[in-house]
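Participant: Data file protein.tsv (TSV, C-alpha atoms and all ligand atoms) is appended below.
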```tsv
chain	number	residue	atom	x	y	z
J	1	MET	CA	83.88	-57.77	24.44
J	2	ASP	CA	81.05	-60.26	24.87
J	3	THR	CA	82.34	-61.53	28.23
J	4	LYS	CA	79.46	-63.98	28.62
J	5	ALA	CA	80.16	-65.65	25.28
J	6	PHE	CA	83.89	-65.78	26.06
J	7	LYS	CA	83.29	-67.42	29.45
J	8	ARG	CA	80.90	-69.90	27.85
J	9	SER	CA	83.43	-70.90	25.22
J	10	LEU	CA	86.25	-71.07	27.78
J	11	SER	CA	84.17	-73.30	30.06
J	12	SER	CA	83.72	-75.84	27.28
J	13	SER	CA	87.46	-75.98	26.52
J	14	GLN	CA	89.47	-79.09	27.50
J	15	GLN	CA	92.20	-76.75	28.76
J	16	TYR	CA	89.96	-75.14	31.36
J	17	HIS	CA	89.25	-76.67	34.79
J	18	ARG	CA	87.04	-75.50	37.63
J	19	LYS	CA	86.86	-78.73	39.57
J	20	GLY	CA	89.44	-81.03	41.10
J	21	PHE	CA	90.94	-84.09	39.45
J	22	GLY	CA	89.62	-86.65	41.95
J	23	ARG	CA	92.88	-86.63	43.92
J	24	GLU	CA	91.49	-85.30	47.23
J	25	ALA	CA	92.71	-88.37	49.13
J	26	GLU	CA	96.30	-87.67	48.07
J	27	ILE	CA	96.33	-84.17	49.52
J	28	THR	CA	94.19	-84.45	52.65
J	29	ASP	CA	97.02	-85.34	55.04
J	30	LEU	CA	99.29	-82.67	53.64
J	31	LEU	CA	96.63	-79.98	53.97
J	32	GLN	CA	95.85	-81.10	57.49
J	33	ALA	CA	99.50	-81.01	58.52
J	34	GLU	CA	100.12	-77.60	56.98
J	35	TYR	CA	96.99	-75.74	57.97
J	36	GLN	CA	95.05	-77.41	60.81
J	37	SER	CA	95.75	-77.20	64.55
J	38	ASN	CA	94.82	-79.40	67.50
J	39	LEU	CA	95.05	-76.45	69.88
J	40	VAL	CA	92.51	-74.44	67.92
J	41	GLN	CA	90.21	-77.45	67.78
J	42	GLN	CA	90.57	-77.79	71.55
J	43	ILE	CA	89.57	-74.13	72.02
J	44	ARG	CA	86.59	-74.60	69.71
J	45	ASP	CA	85.50	-77.67	71.67
J	46	HIS	CA	85.63	-75.65	74.93
J	47	GLY	CA	83.19	-73.00	73.84
J	48	TYR	CA	85.86	-70.90	72.07
J	49	ARG	CA	87.57	-70.17	75.39
J	50	LEU	CA	90.79	-71.39	76.97
J	51	THR	CA	92.52	-70.20	80.15
J	52	ARG	CA	96.14	-70.89	81.04
J	53	GLY	CA	97.79	-69.08	83.96
J	54	ASP	CA	96.46	-65.53	84.04
J	55	VAL	CA	95.46	-65.32	80.40
J	56	THR	CA	92.14	-66.26	78.89
J	57	ILE	CA	91.86	-66.59	75.14
J	58	ARG	CA	88.44	-65.86	73.63
J	59	LEU	CA	88.21	-66.93	70.03
J	60	ALA	CA	85.56	-65.47	67.76
J	61	GLU	CA	82.92	-68.10	67.00
J	62	ALA	CA	83.55	-67.78	63.26
J	63	PHE	CA	87.05	-67.05	62.08
J	64	GLY	CA	89.76	-68.18	59.71
J	65	PHE	CA	89.54	-70.16	56.49
J	66	CYS	CA	86.25	-69.87	54.66
J	67	TRP	CA	85.19	-72.73	52.40
J	68	GLY	CA	86.02	-70.69	49.27
J	69	VAL	CA	89.62	-70.37	50.42
J	70	GLU	CA	89.89	-74.01	51.52
J	71	ARG	CA	88.55	-75.02	48.14
J	72	ALA	CA	91.04	-72.80	46.26
J	73	ILE	CA	94.01	-74.16	48.20
J	74	ALA	CA	92.89	-77.76	47.75
J	75	LEU	CA	92.48	-77.19	44.00
J	76	ALA	CA	95.97	-75.69	43.78
J	77	TYR	CA	97.45	-78.70	45.62
J	78	GLU	CA	95.54	-81.10	43.40
J	79	THR	CA	96.79	-79.25	40.34
J	80	ARG	CA	100.38	-79.85	41.44
J	81	LYS	CA	99.62	-83.58	41.81
J	82	GLN	CA	97.92	-83.72	38.43
J	83	PHE	CA	100.73	-81.88	36.65
J	84	PRO	CA	103.87	-82.98	38.51
J	85	SER	CA	106.43	-81.80	35.97
J	86	GLU	CA	104.69	-78.91	34.16
J	87	ARG	CA	105.46	-75.32	35.06
J	88	ILE	CA	102.67	-73.95	37.23
J	89	TRP	CA	101.95	-70.26	37.66
J	90	ILE	CA	99.53	-68.29	39.78
J	91	THR	CA	98.25	-64.97	38.47
J	92	ASN	CA	98.25	-63.55	41.98
J	93	GLU	CA	98.54	-64.64	45.59
J	94	ILE	CA	95.98	-67.45	45.70
J	95	ILE	CA	94.70	-65.89	48.88
J	96	HIS	CA	96.14	-63.09	50.97
J	97	ASN	CA	98.15	-65.18	53.36
J	98	PRO	CA	101.95	-65.30	53.50
J	99	SER	CA	102.27	-68.85	54.86
J	100	VAL	CA	99.97	-70.31	52.20
J	101	ASN	CA	101.83	-68.48	49.47
J	102	GLN	CA	105.17	-69.64	50.87
J	103	ASN	CA	103.98	-73.27	50.85
J	104	LEU	CA	102.95	-72.91	47.22
J	105	LYS	CA	106.35	-71.48	46.33
J	106	GLU	CA	107.98	-74.49	47.97
J	107	MET	CA	105.84	-76.71	45.71
J	108	GLN	CA	107.39	-74.87	42.73
J	109	VAL	CA	104.20	-72.97	42.03
J	110	GLN	CA	105.45	-69.63	40.74
J	111	PHE	CA	103.87	-66.20	40.85
J	112	ILE	CA	103.57	-64.16	37.66
J	113	PRO	CA	106.24	-61.46	38.06
J	114	VAL	CA	105.08	-57.87	38.47
J	115	HIS	CA	107.05	-54.91	37.08
J	116	ASP	CA	105.92	-51.32	37.67
J	117	ASP	CA	102.53	-52.57	38.91
J	118	GLN	CA	102.05	-54.57	35.68
J	119	LYS	CA	102.01	-58.37	35.52
J	120	ASP	CA	104.52	-59.76	33.07
J	121	PHE	CA	102.79	-62.65	31.30
J	122	SER	CA	105.67	-63.04	28.82
J	123	VAL	CA	107.09	-65.71	31.16
J	124	VAL	CA	104.09	-67.98	30.52
J	125	GLU	CA	104.37	-70.42	27.64
J	126	CYS	CA	102.01	-72.69	25.76
J	127	GLY	CA	101.33	-75.81	27.82
J	128	ASP	CA	102.10	-74.14	31.16
J	129	VAL	CA	99.47	-74.52	33.83
J	130	VAL	CA	98.04	-71.31	35.31
J	131	VAL	CA	96.02	-71.18	38.52
J	132	LEU	CA	93.53	-68.33	38.94
J	133	PRO	CA	93.11	-67.33	42.60
J	134	ALA	CA	90.02	-67.48	44.83
J	135	PHE	CA	89.17	-63.85	44.13
J	136	GLY	CA	89.32	-64.41	40.37
J	137	ALA	CA	91.10	-62.87	37.42
J	138	SER	CA	90.04	-60.30	34.88
J	139	VAL	CA	88.46	-61.41	31.61
J	140	GLN	CA	91.43	-59.93	29.76
J	141	GLU	CA	93.86	-62.09	31.72
J	142	MET	CA	91.80	-65.20	31.06
J	143	GLN	CA	91.61	-64.35	27.39
J	144	LEU	CA	95.38	-63.87	27.18
J	145	LEU	CA	96.11	-67.17	28.93
J	146	ASN	CA	93.64	-68.97	26.72
J	147	GLU	CA	95.22	-67.52	23.58
J	148	LYS	CA	98.65	-68.61	24.80
J	149	GLY	CA	97.39	-72.20	25.00
J	150	CYS	CA	97.75	-72.57	28.77
J	151	VAL	CA	95.93	-75.06	30.94
J	152	ILE	CA	93.78	-72.93	33.28
J	153	MET	CA	92.79	-74.04	36.77
J	154	ASP	CA	90.16	-71.54	37.82
J	155	THR	CA	89.71	-71.55	41.63
J	156	THR	CA	87.47	-68.45	41.63
J	157	CYS	CA	85.09	-68.69	44.56
J	158	PRO	CA	81.47	-69.25	43.48
J	159	TRP	CA	80.46	-66.24	45.59
J	160	VAL	CA	82.71	-64.04	43.50
J	161	SER	CA	81.26	-65.55	40.32
J	162	LYS	CA	77.81	-64.67	41.68
J	163	VAL	CA	78.83	-60.99	41.75
J	164	TRP	CA	80.10	-61.27	38.17
J	165	ASN	CA	76.73	-62.68	37.12
J	166	SER	CA	75.04	-59.64	38.69
J	167	VAL	CA	77.34	-57.35	36.77
J	168	GLU	CA	76.45	-59.22	33.55
J	169	LYS	CA	72.78	-58.52	34.33
J	170	HIS	CA	73.54	-54.82	34.88
J	171	LYS	CA	75.30	-54.74	31.54
J	172	LYS	CA	72.44	-56.50	29.75
J	173	GLY	CA	70.00	-53.87	31.05
J	174	SER	CA	72.40	-50.96	30.36
J	175	TYR	CA	72.81	-50.21	34.05
J	176	THR	CA	76.10	-48.81	35.37
J	177	SER	CA	77.58	-51.12	38.00
J	178	ILE	CA	78.29	-49.31	41.26
J	179	ILE	CA	80.88	-51.54	42.91
J	180	HIS	CA	81.42	-51.18	46.66
J	181	GLY	CA	85.10	-52.06	46.96
J	182	LYS	CA	88.69	-50.98	46.57
J	183	TYR	CA	89.43	-50.16	42.96
J	184	LYS	CA	92.96	-51.60	43.19
J	185	HIS	CA	91.86	-54.88	44.78
J	186	GLU	CA	92.26	-57.84	42.41
J	187	GLU	CA	88.70	-59.00	42.98
J	188	THR	CA	87.29	-55.59	42.12
J	189	ILE	CA	89.55	-55.33	39.07
J	190	ALA	CA	88.20	-58.70	37.93
J	191	THR	CA	84.59	-57.71	38.69
J	192	SER	CA	84.89	-54.44	36.82
J	193	SER	CA	86.28	-56.28	33.78
J	194	TYR	CA	82.80	-57.83	33.33
J	195	ALA	CA	81.07	-54.45	33.41
J	196	ASP	CA	80.41	-52.13	30.54
J	197	LYS	CA	80.10	-48.96	32.65
J	198	TYR	CA	81.21	-49.02	36.27
J	199	LEU	CA	82.11	-46.80	39.20
J	200	VAL	CA	83.90	-48.10	42.30
J	201	VAL	CA	82.96	-46.48	45.63
J	202	LEU	CA	85.10	-47.23	48.64
J	203	ASN	CA	82.71	-46.32	51.43
J	204	LEU	CA	79.49	-44.60	52.43
J	205	ALA	CA	81.09	-41.15	52.22
J	206	GLU	CA	82.00	-41.68	48.56
J	207	ALA	CA	78.54	-43.11	47.87
J	208	GLU	CA	76.96	-40.00	49.45
J	209	TYR	CA	79.11	-37.80	47.20
J	210	VAL	CA	77.90	-39.69	44.12
J	211	CYS	CA	74.25	-39.62	45.26
J	212	SER	CA	74.45	-35.89	45.87
J	213	ASP	CA	75.73	-35.51	42.32
J	214	ILE	CA	72.77	-37.56	41.04
J	215	LEU	CA	70.26	-35.40	42.90
J	216	HIS	CA	71.79	-31.94	42.71
J	217	GLY	CA	74.42	-32.11	40.00
J	218	GLY	CA	77.88	-30.94	40.86
J	219	ASP	CA	81.30	-30.04	39.60
J	220	GLN	CA	81.94	-32.72	36.97
J	221	GLN	CA	85.65	-31.94	36.83
J	222	GLU	CA	85.93	-32.49	40.57
J	223	PHE	CA	83.89	-35.70	40.23
J	224	MET	CA	86.20	-37.10	37.57
J	225	ALA	CA	89.32	-36.06	39.48
J	226	LYS	CA	87.99	-37.96	42.50
J	227	PHE	CA	87.07	-41.14	40.62
J	228	CYS	CA	89.52	-41.06	37.70
J	229	SER	CA	91.06	-44.43	38.64
J	230	ALA	CA	87.81	-45.92	39.81
J	231	CYS	CA	85.53	-45.78	36.77
J	232	SER	CA	85.20	-47.16	33.26
J	233	ALA	CA	86.79	-45.38	30.30
J	234	GLY	CA	84.73	-42.45	29.06
J	235	PHE	CA	82.57	-42.35	32.19
J	236	ASP	CA	80.14	-39.43	32.14
J	237	PRO	CA	78.44	-38.79	35.50
J	238	ASP	CA	75.63	-36.83	33.80
J	239	ILE	CA	74.61	-39.81	31.68
J	240	ASP	CA	76.03	-42.91	33.35
J	241	LEU	CA	74.33	-42.47	36.72
J	242	GLU	CA	70.77	-42.54	35.38
J	243	ARG	CA	70.52	-46.31	35.70
J	244	VAL	CA	72.64	-48.10	38.31
J	245	GLY	CA	73.04	-51.61	39.67
J	246	ILE	CA	74.82	-52.47	42.92
J	247	ALA	CA	77.71	-54.91	43.15
J	248	ASN	CA	80.31	-55.50	45.83
J	249	GLN	CA	83.74	-56.82	46.60
J	250	THR	CA	82.74	-59.86	48.63
J	251	THR	CA	84.97	-58.96	51.56
J	252	MET	CA	83.63	-55.49	52.30
J	253	LEU	CA	81.68	-54.75	55.48
J	254	LYS	CA	78.24	-56.19	54.93
J	255	GLY	CA	76.42	-53.39	56.77
J	256	GLU	CA	78.16	-50.75	54.66
J	257	THR	CA	77.33	-52.51	51.38
J	258	GLU	CA	73.67	-52.63	52.45
J	259	GLN	CA	73.69	-48.96	53.44
J	260	ILE	CA	75.21	-48.00	50.11
J	261	GLY	CA	72.61	-50.04	48.22
J	262	LYS	CA	69.77	-48.42	50.18
J	263	LEU	CA	71.24	-44.95	49.66
J	264	PHE	CA	71.30	-45.38	45.88
J	265	GLU	CA	67.79	-46.86	45.94
J	266	ARG	CA	66.45	-43.86	47.91
J	267	THR	CA	68.32	-41.41	45.72
J	268	LEU	CA	66.99	-42.83	42.46
J	269	MET	CA	63.50	-43.08	43.92
J	270	ARG	CA	63.63	-39.38	44.85
J	271	LYS	CA	64.90	-38.44	41.44
J	272	TYR	CA	62.62	-40.58	39.26
J	273	GLY	CA	59.74	-41.60	41.55
J	274	PRO	CA	58.81	-45.07	42.90
J	275	ALA	CA	56.75	-46.09	39.85
J	276	VAL	CA	59.79	-46.35	37.60
J	277	LEU	CA	62.41	-47.23	40.21
J	278	ASN	CA	63.12	-50.59	38.56
J	279	GLN	CA	64.17	-48.82	35.41
J	280	HIS	CA	66.85	-46.94	37.35
J	281	PHE	CA	67.99	-49.26	40.13
J	282	LEU	CA	68.94	-52.94	40.31
J	283	SER	CA	70.24	-54.88	43.28
J	284	PHE	CA	70.91	-58.56	44.04
J	285	ASN	CA	72.10	-60.03	47.30
J	286	THR	CA	75.73	-60.95	46.66
J	287	ILE	CA	77.21	-60.62	50.14
J	288	CYS	CA	79.25	-63.70	50.92
J	289	ASP	CA	78.03	-65.74	53.91
J	290	ALA	CA	81.54	-66.37	55.21
J	291	THR	CA	82.46	-62.68	55.36
J	292	GLN	CA	79.14	-61.95	57.03
J	293	GLU	CA	79.59	-64.72	59.62
J	294	ARG	CA	83.09	-63.54	60.56
J	295	GLN	CA	81.91	-59.96	60.92
J	296	ASP	CA	78.88	-60.99	63.00
J	297	ALA	CA	81.10	-63.12	65.27
J	298	MET	CA	83.44	-60.17	65.67
J	299	PHE	CA	80.57	-57.87	66.71
J	300	GLN	CA	79.56	-60.50	69.26
J	301	LEU	CA	83.12	-60.83	70.56
J	302	VAL	CA	83.82	-57.11	70.98
J	303	ALA	CA	80.62	-56.77	73.01
J	304	GLU	CA	82.34	-58.86	75.72
J	305	GLN	CA	84.78	-57.61	78.35
J	306	LEU	CA	88.12	-57.88	76.55
J	307	ASP	CA	91.45	-56.36	77.54
J	308	LEU	CA	92.76	-56.46	74.01
J	309	MET	CA	92.24	-58.02	70.60
J	310	VAL	CA	94.60	-59.70	68.20
J	311	VAL	CA	93.41	-59.79	64.58
J	312	ILE	CA	95.41	-62.19	62.44
J	313	GLY	CA	95.66	-62.08	58.66
J	314	GLY	CA	97.61	-60.75	55.70
J	315	PHE	CA	98.11	-56.97	55.75
J	316	ASN	CA	96.59	-56.69	52.28
J	317	SER	CA	93.60	-58.83	53.22
J	318	SER	CA	90.46	-56.76	53.01
J	319	ASN	CA	88.28	-58.91	55.23
J	320	THR	CA	90.96	-58.97	57.95
J	321	THR	CA	91.26	-55.19	57.88
J	322	HIS	CA	87.50	-54.92	58.31
J	323	LEU	CA	87.66	-57.11	61.41
J	324	GLN	CA	90.33	-54.79	62.78
J	325	GLU	CA	88.09	-51.78	62.05
J	326	ILE	CA	85.32	-53.30	64.16
J	327	ALA	CA	87.65	-53.62	67.18
J	328	VAL	CA	89.08	-50.13	66.73
J	329	GLU	CA	85.59	-48.61	66.50
J	330	ARG	CA	84.77	-50.19	69.87
J	331	GLY	CA	87.88	-48.56	71.39
J	332	ILE	CA	89.52	-51.91	72.18
J	333	PRO	CA	93.34	-51.97	71.88
J	334	SER	CA	93.66	-54.19	68.82
J	335	TYR	CA	96.75	-55.51	67.08
J	336	HIS	CA	96.64	-56.64	63.44
J	337	ILE	CA	99.48	-59.07	62.76
J	338	ASP	CA	100.12	-61.54	59.95
J	339	SER	CA	101.96	-64.24	61.92
J	340	SER	CA	103.29	-65.13	65.36
J	341	LYS	CA	106.71	-63.87	64.24
J	342	ARG	CA	105.45	-60.34	64.89
J	343	ILE	CA	105.36	-61.11	68.62
J	344	GLY	CA	108.57	-60.76	70.67
J	345	PRO	CA	111.35	-60.89	71.51
J	346	GLY	CA	110.06	-60.16	74.98
J	347	ASN	CA	106.83	-58.33	75.59
J	348	ARG	CA	106.67	-56.49	72.29
J	349	ILE	CA	104.60	-56.73	69.15
J	350	GLU	CA	105.07	-55.41	65.65
J	351	HIS	CA	101.62	-54.68	64.26
J	352	LYS	CA	99.83	-52.68	61.61
J	353	PRO	CA	97.46	-49.97	62.81
J	354	LEU	CA	94.68	-49.05	60.35
J	355	GLN	CA	96.00	-47.02	57.40
J	356	ARG	CA	99.46	-46.77	58.90
J	357	ASP	CA	102.73	-48.60	58.44
J	358	LEU	CA	103.98	-51.25	60.84
J	359	GLU	CA	104.65	-50.04	64.37
J	360	VAL	CA	106.31	-51.63	67.37
J	361	GLN	CA	104.50	-51.61	70.70
J	362	GLU	CA	106.46	-52.46	73.83
J	363	ASN	CA	104.79	-54.04	76.88
J	364	TRP	CA	101.65	-54.78	74.94
J	365	LEU	CA	100.51	-57.55	77.29
J	366	PRO	CA	99.55	-55.99	80.64
J	367	ALA	CA	101.05	-57.56	83.79
J	368	ARG	CA	97.72	-58.74	85.25
J	369	PRO	CA	95.11	-61.33	84.44
J	370	ILE	CA	93.81	-60.58	80.96
J	371	VAL	CA	91.23	-61.69	78.43
J	372	VAL	CA	92.52	-61.62	74.86
J	373	GLY	CA	90.04	-61.71	72.01
J	374	ILE	CA	91.32	-63.40	68.87
J	375	THR	CA	90.01	-63.59	65.35
J	376	SER	CA	91.48	-64.17	61.93
J	377	GLY	CA	90.59	-63.36	58.34
J	378	ALA	CA	89.13	-65.78	55.84
J	379	SER	CA	92.57	-66.54	54.42
J	380	THR	CA	94.33	-67.41	57.68
J	381	PRO	CA	95.05	-71.07	58.52
J	382	ASP	CA	94.24	-72.34	62.02
J	383	LYS	CA	97.91	-73.22	62.43
J	384	VAL	CA	98.86	-69.53	62.31
J	385	VAL	CA	96.21	-68.73	64.93
J	386	ALA	CA	97.54	-71.55	67.16
J	387	ASP	CA	101.11	-70.21	66.91
J	388	VAL	CA	99.89	-66.78	68.06
J	389	VAL	CA	97.94	-68.26	70.98
J	390	GLU	CA	100.96	-70.32	72.08
J	391	LYS	CA	103.19	-67.28	71.95
J	392	ILE	CA	100.82	-65.25	74.12
J	393	PHE	CA	100.59	-68.08	76.66
J	394	ASP	CA	104.40	-68.38	76.70
J	395	LEU	CA	104.93	-64.66	77.13
J	396	LYS	CA	102.51	-64.42	80.03
J	397	ALA	CA	103.97	-67.53	81.64
J	398	VAL	CA	107.42	-65.93	81.54
J	399	SER	CA	106.14	-62.66	83.00
J	400	LEU	CA	104.39	-64.57	85.82
J	401	ALA	CA	107.55	-66.46	86.61
J	402	VAL	CA	109.64	-63.26	86.89
M	501	LIG	S1	85.42	-64.80	51.72
M	501	LIG	FE1	83.55	-65.50	50.68
M	501	LIG	S2	83.81	-64.83	48.56
M	501	LIG	FE2	85.84	-64.79	49.50
M	501	LIG	S3	86.70	-66.80	49.07
M	501	LIG	FE3	85.71	-66.94	51.07
M	501	LIG	S4	83.64	-67.75	50.66
M	501	LIG	FE4	84.51	-66.96	48.73
```
Could you write out this structure as structure tokens?
Ligand code: SF4
Facilitator:
Amino acid sequence: MDTKAFKRSLSSSQQYHRKGFGREAEITDLLQAEYQSNLVQQIRDHGYRLTRGDVTIRLAEAFGFCWGVERAIALAYETRKQFPSERIWITNEIIHNPSVNQNLKEMQVQFIPVHDDQKDFSVVECGDVVVLPAFGASVQEMQLLNEKGCVIMDTTCPWVSKVWNSVEKHKKGSYTSIIHGKYKHEETIATSSYADKYLVVLNLAEAEYVCSDILHGGDQQEFMAKFCSACSAGFDPDIDLERVGIANQTTMLKGETEQIGKLFERTLMRKYGPAVLNQHFLSFNTICDATQERQDAMFQLVAEQLDLMVVIGGFNSSNTTHLQEIAVERGIPSYHIDSSKRIGPGNRIEHKPLQRDLEVQENWLPARPIVVGITSGASTPDKVVADVVEKIFDLKAVSLAV
């Protein structure tokens, strides 16, 4: 499919919207009440530090909602105002945050049902309004919704669109897109839908495997077994790795994306020589500033003397999981939770360790003065962070009083 031509024609349609409807003033108070917090503002104003009793909270200096997420939520709220009686659907969680998604449900914004891992678009009818989330939707989904005669509100973050533009450039030059991401993640599914040939690599280890194949050849059966769900149809490692371009899921660890890009660059330079490198390797900077800032702030925070960390965000949020990885790598006891409801009753926490299911930890707050580092993913409202902070203060106050 000529994805560029399709997007161009969609953009000129009256049914397609990428900007608000001029109703910001009508939603500002509501957004403030639902997502902002005075306590968090107070902590920010005090150098990201607040002490009560024997607990000091140290907030990361960049955390929580990024502007892409704020924009997507505001557009969804404006859409409800603009279409008060129409049925409104969202193709996916607008962002990976349970409280935001719950608020949208309460505004009668419905999620496309999913059966056996497949979205069931049969529920959507002509004239319905469909919101595309911040991390985008595949070209095929957009095409389907357009053919059905839906009104489309596209909240895709411009940083994600920037990656898609890179992939279009790869395609134009017949380069295979190497996408650093999770092949099942909605953003990566959408990104790969713009590619002609693509291969998704999860991490440096997978990238090293692919680069070794480029340089030394390898067992092609093993290669395809490893990447069968993570590459384009008909992918042939012998042919499709001769010219590659780098793309990324915007929420991956910045350092790892850079390492992967450099690894492919070195590999193709070794194989073909520096004189013709441009014919075999293409790379654009598409790492999102917000992800980078949150990761940098996390590195700064974990360098301090902390007793423990609490990382707040949806369990399926990639950028939150990466923040948790940074704490774990530093050997700091770190608890990934999605809301304050995971804390208590009493001194217990239900949290999600990396790559494991939820676990309960008793006596997680030590009975002594402590410094608790706190950060949150790009899709977590300040209000959720404030609830967690309050709960920690309350718990420690109770334990002091006993
Ligand atoms: S994390 Fe970055 S790419 Fe994702 S929505 Fe926020 S600003 Fe956009």
Participant: Please identify every polymer residue within 12 Å of ligand LIG 501 (chain M), using all atoms listed in the file, and present the set as a VMD selection string.
Facilitator: chain J and resid 63 to 73 94 to 96 133 to 136 155 to 164 186 to 188 248 to 254 286 to 295 317 to 320 376 to 380
Participant: May I ask which of the residues J:Val200, J:Ala205, J:Ser9, J:Thr321 is the closest one to Cys228 of chain J, counting only C-alpha atoms?
Facilitator: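 The shortest atom-to-atom distance to Cys228 of chain J comes from J:Val200.
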Participant: For the atom pair atom CA of Leu30 of chain J and atom CA of Ser85 of chain J, what is the interatomic distance in Å to one decimal place?
Facilitator: 19.1 Å
Participant: Mind giving me the straight-line distance from atom CA of Val372 of chain J to atom CA of Ile57 of chain J in Å, one decimal?
Facilitator: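 Taking atom CA of Val372 of chain J as the start and atom CA of Ile57 of chain J as the end point, the length is 5.0 Å.
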Participant: In the coordinate frame of the file, compute which residues have an atom within 12 Å of (89.6, -63.7, 76.0) when using all atoms listed in the file, and state them as number ranges by chain.
Facilitator: J: 43, 47-52, 54-60, 301-310, 369-375, 389, 392-393
Participant: Separation of atom CA of Ser12 of chain J and atom CA of Phe284 of chain J, in Å?
Facilitator: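 So the answer is 27.3 Å.
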Participant: Pick the closest to Ser192 of chain J from J:Asn38, J:Gln143, J:Lys341, J:His170: which is it, counting all atoms listed in the file?
Facilitator: J:His170
Participant: With a distance cut-off of 12 Å and all atoms listed in the file, select the neighbouring residues of Val123 of chain J, excluding the residue or stretch itself and same-chain residues fewer than 6 positions from it, and output the selection as a list in words.
Facilitator: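 In the requested form, the answer reads Arg87, Ile88, Trp89, Ile90, Thr91, Gln110, Phe111, Ile112, Pro113, Val114, Val129, Val130, Leu145, Lys148 and Cys150 of chain J.
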Participant: So that I can see what lies close to Tyr335 of chain J, please list as a PyMOL selection string the residues with an atom at most 9 Å from it, counting all atoms listed in the file and leaving out residues fewer than 2 positions away in the same chain.
Facilitator: chain J and resi 308-312+324+333+337+349-353
Participant: Take the selection from the previous step and output its residues with C-alpha atoms, as a compact mmCIF listing (two decimals), in the coordinates of the input.
Facilitator:
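The resulting file, part.txt, is reproduced below:
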```
# COMPACT_ATOMS: atom_id res chain seq x y z
CA LEU J 308 92.76 -56.46 74.01
CA MET J 309 92.24 -58.02 70.60
CA VAL J 310 94.60 -59.70 68.20
CA VAL J 311 93.41 -59.79 64.58
CA ILE J 312 95.41 -62.19 62.44
CA GLN J 324 90.33 -54.79 62.78
CA PRO J 333 93.34 -51.97 71.88
CA ILE J 337 99.48 -59.07 62.76
CA ILE J 349 104.60 -56.73 69.15
CA GLU J 350 105.07 -55.41 65.65
CA HIS J 351 101.62 -54.68 64.26
CA LYS J 352 99.83 -52.68 61.61
CA PRO J 353 97.46 -49.97 62.81
```
Participant: When distances are computed from only C-alpha atoms, which of J:Glu93, J:Asp394, J:Glu24, J:Glu359 shows the smallest separation from Thr79 of chain J?
Facilitator: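 Of J:Glu93, J:Asp394, J:Glu24, J:Glu359, the one nearest Thr79 of chain J, counting only C-alpha atoms, is J:Glu24.
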Participant: Considering all atoms listed in the file, can you say which of J:Leu204, J:Leu104, J:Val151, J:Leu241 comes closest to Gln82 of chain J?
Facilitator: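 Using all atoms listed in the file, the shortest distance to Gln82 of chain J belongs to J:Val151.
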Participant: Find the residues around Gln36 of chain J up to 8 Å (only C-alpha atoms counted), leave out those fewer than 6 positions away in its own chain, and share them as a ChimeraX atom specification.
Facilitator: /J:381-383
Participant: Give me, as a list of chain:residue names, all polymer residues having an atom no more than 9 Å from Leu263 of chain J, counting all atoms listed in the file and skipping those fewer than 2 positions away in the same chain.
Facilitator: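 Within the cut-off, the hits are J:Leu204, J:Ala207, J:Glu208, J:Cys211, J:Glu258, J:Gln259, J:Ile260, J:Gly261, J:Glu265, J:Arg266, J:Thr267, J:Leu268.
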Participant: Measuring between all atoms listed in the file, which one of J:Ala367, J:Cys231, J:Val360, J:Val385 shows the shortest distance to Val398 of chain J?
Facilitator: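 Smallest distance to Val398 of chain J is found for J:Ala367.
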Participant: Hey, can you pull every residue with an atom no more than 8 Å from (105.3, -63.4, 73.9), using only C-alpha atoms, and send it as a list of chain:residue names?
Facilitator: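 Neighbouring residues, ordered by chain and number, come to J:Ile343, J:Gly344, J:Pro345, J:Gly346, J:Asn347, J:Arg348, J:Lys391, J:Ile392, J:Phe393, J:Asp394, J:Leu395, J:Lys396.
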Participant: Taking 3 positions as the minimum chain separation for residues in the same chain, which residues sit within 6 Å of Ala190 of chain J when counting all atoms listed in the file? Answer as a list in words.
Facilitator: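 My reading of the contact set: Ala137, Ser138, Glu187 and Ser193 of chain J.
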Participant: Start from the incomplete input, build N, CA and C atoms for segment 190-196 of chain J, and deliver everything as an mmCIF file, keeping the file's coordinate frame.
Facilitator:
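Printed below is out_30.cif as written:
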```cif
data_model
loop_
_atom_site.group_PDB
_atom_site.id
_atom_site.type_symbol
_atom_site.label_atom_id
_atom_site.label_comp_id
_atom_site.auth_asym_id
_atom_site.auth_seq_id
_atom_site.Cartn_x
_atom_site.Cartn_y
_atom_site.Cartn_z
ATOM 1 N N ALA J 190 88.825 -57.623 38.707
ATOM 2 C CA ALA J 190 88.200 -58.700 37.930
ATOM 3 C C ALA J 190 86.707 -58.409 37.729
ATOM 4 N N THR J 191 86.035 -57.985 38.793
ATOM 5 C CA THR J 191 84.590 -57.710 38.690
ATOM 6 C C THR J 191 84.318 -56.599 37.672
ATOM 7 N N SER J 192 85.131 -55.558 37.735
ATOM 8 C CA SER J 192 84.890 -54.440 36.820
ATOM 9 C C SER J 192 85.160 -54.831 35.366
ATOM 10 N N SER J 193 85.984 -55.875 35.167
ATOM 11 C CA SER J 193 86.280 -56.280 33.780
ATOM 12 C C SER J 193 85.042 -56.899 33.108
ATOM 13 N N TYR J 194 84.044 -57.290 33.901
ATOM 14 C CA TYR J 194 82.800 -57.830 33.330
ATOM 15 C C TYR J 194 81.810 -56.722 33.009
ATOM 16 N N ALA J 195 82.045 -55.535 33.556
ATOM 17 C CA ALA J 195 81.070 -54.450 33.410
ATOM 18 C C ALA J 195 81.308 -53.691 32.109
ATOM 19 N N ASP J 196 80.243 -53.052 31.661
ATOM 20 C CA ASP J 196 80.410 -52.130 30.540
ATOM 21 C C ASP J 196 80.776 -50.777 31.169
#
```
